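For reference, the structure discussed in these notes is given below.
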Amino acid sequence: MLHRVKKKNDINQDKWIGIGGKFEDKESPEECNLRETFEETGLTIHSARYCGIVTFVTDKYETEYMHIFHTKDFSGEVKECDEGNLEWVDKKEILNLPIWEGDRIFLKLIDEKSPFFSLKLVYEGDTLIKAILNGESI
């Protein structure tokens, strides 16, 4: 997990989030996942399960899309990250950390090995006001 404490004016300030970033030109979700993981952690992914896509809608920022991957197949040494502090966190402890409310939903879906999903999360400020999973309100 990445504890976002290093960037100024960070929407994720003081929250724990997964690693990731923006697509480069002509890059697929899988290629972006491999590159961002290596850039932010120093780890090389050998295989990953493409779990789903999350649509983030807020009253403050443009809509963002997050492609979610899960892996246990990687190698390398964790390096320093300029976006926050990287730390291995026991899966059972993640929900006790300050995370986004919507993250609890997709983390559960990943843990349950749910089929590929589409999740829309709507926020007003830091408050989750609506969650829609595969077209159905939850």
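Residue numbers start at 1 in each chain; chains themselves are named A, B, ... in the order of the structure tokens; ligands are numbered from 1 in the order shown.
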
Residue neighbourhood Val57 of chain A, 8 Å, only C-alpha atoms, exclusion window fewer than 2 positions, as JSON, numbers by chain: {"A": [55, 59, 61, 62, 63, 64, 120, 121, 122, 123]}

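The list of residues with at least one atom within 9 Å of Thr41 of chain A, based on only C-alpha atoms and without residues fewer than 3 positions apart in the same chain, reads Ile19, Glu36, Thr37, Phe38, Thr44, Gly76, Glu77, Val78, Lys79, Glu80, Cys81 and Leu86 of chain A.
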
Selection above as a file: N, CA and C atoms, as a PDB file, in the first residue's frame:
```
ATOM      1  N   ILE A  19      -1.027   1.444  -5.709  1.00  0.00           N
ATOM      2  CA  ILE A  19      -0.134   2.161  -6.615  1.00  0.00           C
ATOM      3  C   ILE A  19      -0.813   2.312  -7.965  1.00  0.00           C
ATOM      4  N   GLU A  36       3.764   1.411 -14.384  1.00  0.00           N
ATOM      5  CA  GLU A  36       3.543   2.175 -13.147  1.00  0.00           C
ATOM      6  C   GLU A  36       4.014   1.391 -11.919  1.00  0.00           C
ATOM      7  N   THR A  37       3.762   0.090 -11.908  1.00  0.00           N
ATOM      8  CA  THR A  37       4.217  -0.724 -10.775  1.00  0.00           C
ATOM      9  C   THR A  37       5.732  -0.656 -10.655  1.00  0.00           C
ATOM     10  N   PHE A  38       6.423  -0.821 -11.769  1.00  0.00           N
ATOM     11  CA  PHE A  38       7.883  -0.769 -11.725  1.00  0.00           C
ATOM     12  C   PHE A  38       8.372   0.619 -11.318  1.00  0.00           C
ATOM     13  N   THR A  44       8.765  -5.917 -10.582  1.00  0.00           N
ATOM     14  CA  THR A  44       8.367  -6.340 -11.913  1.00  0.00           C
ATOM     15  C   THR A  44       7.260  -7.376 -11.782  1.00  0.00           C
ATOM     16  N   GLY A  76      11.751  -8.527  -7.536  1.00  0.00           N
ATOM     17  CA  GLY A  76      12.453  -7.267  -7.381  1.00  0.00           C
ATOM     18  C   GLY A  76      12.506  -6.817  -5.940  1.00  0.00           C
ATOM     19  N   GLU A  77      13.106  -5.670  -5.750  1.00  0.00           N
ATOM     20  CA  GLU A  77      13.263  -5.065  -4.430  1.00  0.00           C
ATOM     21  C   GLU A  77      12.457  -3.770  -4.391  1.00  0.00           C
ATOM     22  N   VAL A  78      11.686  -3.577  -3.328  1.00  0.00           N
ATOM     23  CA  VAL A  78      10.914  -2.348  -3.183  1.00  0.00           C
ATOM     24  C   VAL A  78      11.862  -1.165  -3.006  1.00  0.00           C
ATOM     25  N   LYS A  79      11.586  -0.099  -3.740  1.00  0.00           N
ATOM     26  CA  LYS A  79      12.417   1.107  -3.682  1.00  0.00           C
ATOM     27  C   LYS A  79      11.615   2.254  -3.074  1.00  0.00           C
ATOM     28  N   GLU A  80      12.287   3.342  -2.814  1.00  0.00           N
ATOM     29  CA  GLU A  80      11.653   4.568  -2.316  1.00  0.00           C
ATOM     30  C   GLU A  80      10.716   5.131  -3.389  1.00  0.00           C
ATOM     31  N   CYS A  81       9.563   5.639  -2.964  1.00  0.00           N
ATOM     32  CA  CYS A  81       8.593   6.219  -3.893  1.00  0.00           C
ATOM     33  C   CYS A  81       8.428   7.700  -3.578  1.00  0.00           C
ATOM     34  N   LEU A  86       5.781   3.549   0.763  1.00  0.00           N
ATOM     35  CA  LEU A  86       5.331   2.203   0.437  1.00  0.00           C
ATOM     36  C   LEU A  86       5.491   1.313   1.654  1.00  0.00           C
TER      37      LEU A  86
END
```

Those in chain A with alpha helix (DSSP H) from DSSP, as an NGL selection string: :A and (29-41 or 101-111)

In chain A, DSSP strand (DSSP E or B) residues written as a PyMOL selection string: chain A and resi 2-3+16-17+43-58+64-76+85-86+117-124+127-133+136-137

Residue nearest Cys32 of chain A among A:Met66, A:Glu101, A:Val89, A:Trp16 (counting only C-alpha atoms):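 Comparing A:Met66, A:Glu101, A:Val89, A:Trp16 against Cys32 of chain A, the winner is A:Met66.
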
Nearest-residue call for Ala48 of chain A, choices A:Ile132, A:Met1, A:Leu34, A:Ile11, using only C-alpha atoms: A:Leu34

Selection: 9 Å around segment 110-117 of chain A, only C-alpha atoms, excl. self and same-chain fewer than 2 positions, as a ChimeraX atom specification: /A:50-54,68-70,91,105-108,119,133-134

Expected file: the selected residues, N, CA and C atoms, as a compact mmCIF listing (two decimals), in the first residue's frame:
```txt
# COMPACT_ATOMS: atom_id res chain seq x y z
N TYR A 50 -6.72 -9.09 -14.36
CA TYR A 50 -7.43 -7.84 -14.62
C TYR A 50 -8.80 -7.98 -13.95
N CYS A 51 -9.01 -7.25 -12.86
CA CYS A 51 -10.19 -7.44 -12.00
C CYS A 51 -11.39 -6.60 -12.40
N GLY A 52 -11.16 -5.37 -12.84
CA GLY A 52 -12.29 -4.52 -13.15
C GLY A 52 -11.88 -3.09 -13.43
N ILE A 53 -12.91 -2.28 -13.63
CA ILE A 53 -12.70 -0.85 -13.88
C ILE A 53 -13.59 -0.07 -12.92
N VAL A 54 -13.04 1.00 -12.37
CA VAL A 54 -13.77 1.86 -11.45
C VAL A 54 -13.86 3.25 -12.09
N ILE A 68 -8.22 -2.00 -12.41
CA ILE A 68 -7.71 -2.69 -11.22
C ILE A 68 -7.11 -4.04 -11.61
N PHE A 69 -5.89 -4.25 -11.13
CA PHE A 69 -5.19 -5.51 -11.34
C PHE A 69 -4.78 -6.08 -9.98
N HIS A 70 -4.62 -7.39 -9.94
CA HIS A 70 -4.16 -8.07 -8.73
C HIS A 70 -3.08 -9.07 -9.14
N LYS A 91 -3.37 -7.99 4.54
CA LYS A 91 -4.67 -7.80 3.91
C LYS A 91 -5.78 -7.56 4.94
N ILE A 105 -15.19 -1.26 -1.19
CA ILE A 105 -16.04 -2.06 -2.07
C ILE A 105 -15.19 -2.87 -3.04
N PHE A 106 -14.29 -2.20 -3.77
CA PHE A 106 -13.52 -2.96 -4.76
C PHE A 106 -12.48 -3.87 -4.12
N LEU A 107 -11.97 -3.52 -2.94
CA LEU A 107 -11.05 -4.44 -2.25
C LEU A 107 -11.75 -5.73 -1.87
N LYS A 108 -13.01 -5.63 -1.48
CA LYS A 108 -13.80 -6.83 -1.16
C LYS A 108 -14.03 -7.66 -2.43
N LEU A 119 -17.45 -0.67 -11.54
CA LEU A 119 -17.93 -0.02 -10.33
C LEU A 119 -17.86 1.50 -10.53
N LEU A 133 -22.62 -1.00 -8.95
CA LEU A 133 -21.82 -2.16 -9.36
C LEU A 133 -22.52 -2.87 -10.51
N ASN A 134 -21.82 -2.93 -11.65
CA ASN A 134 -22.36 -3.57 -12.85
C ASN A 134 -23.75 -3.08 -13.18
```

Given only C-alpha atoms as the counted atoms, nearest of A:Lys130, A:Lys22, A:Glu39, A:Trp88 to Gly102 of chain A: A:Lys130
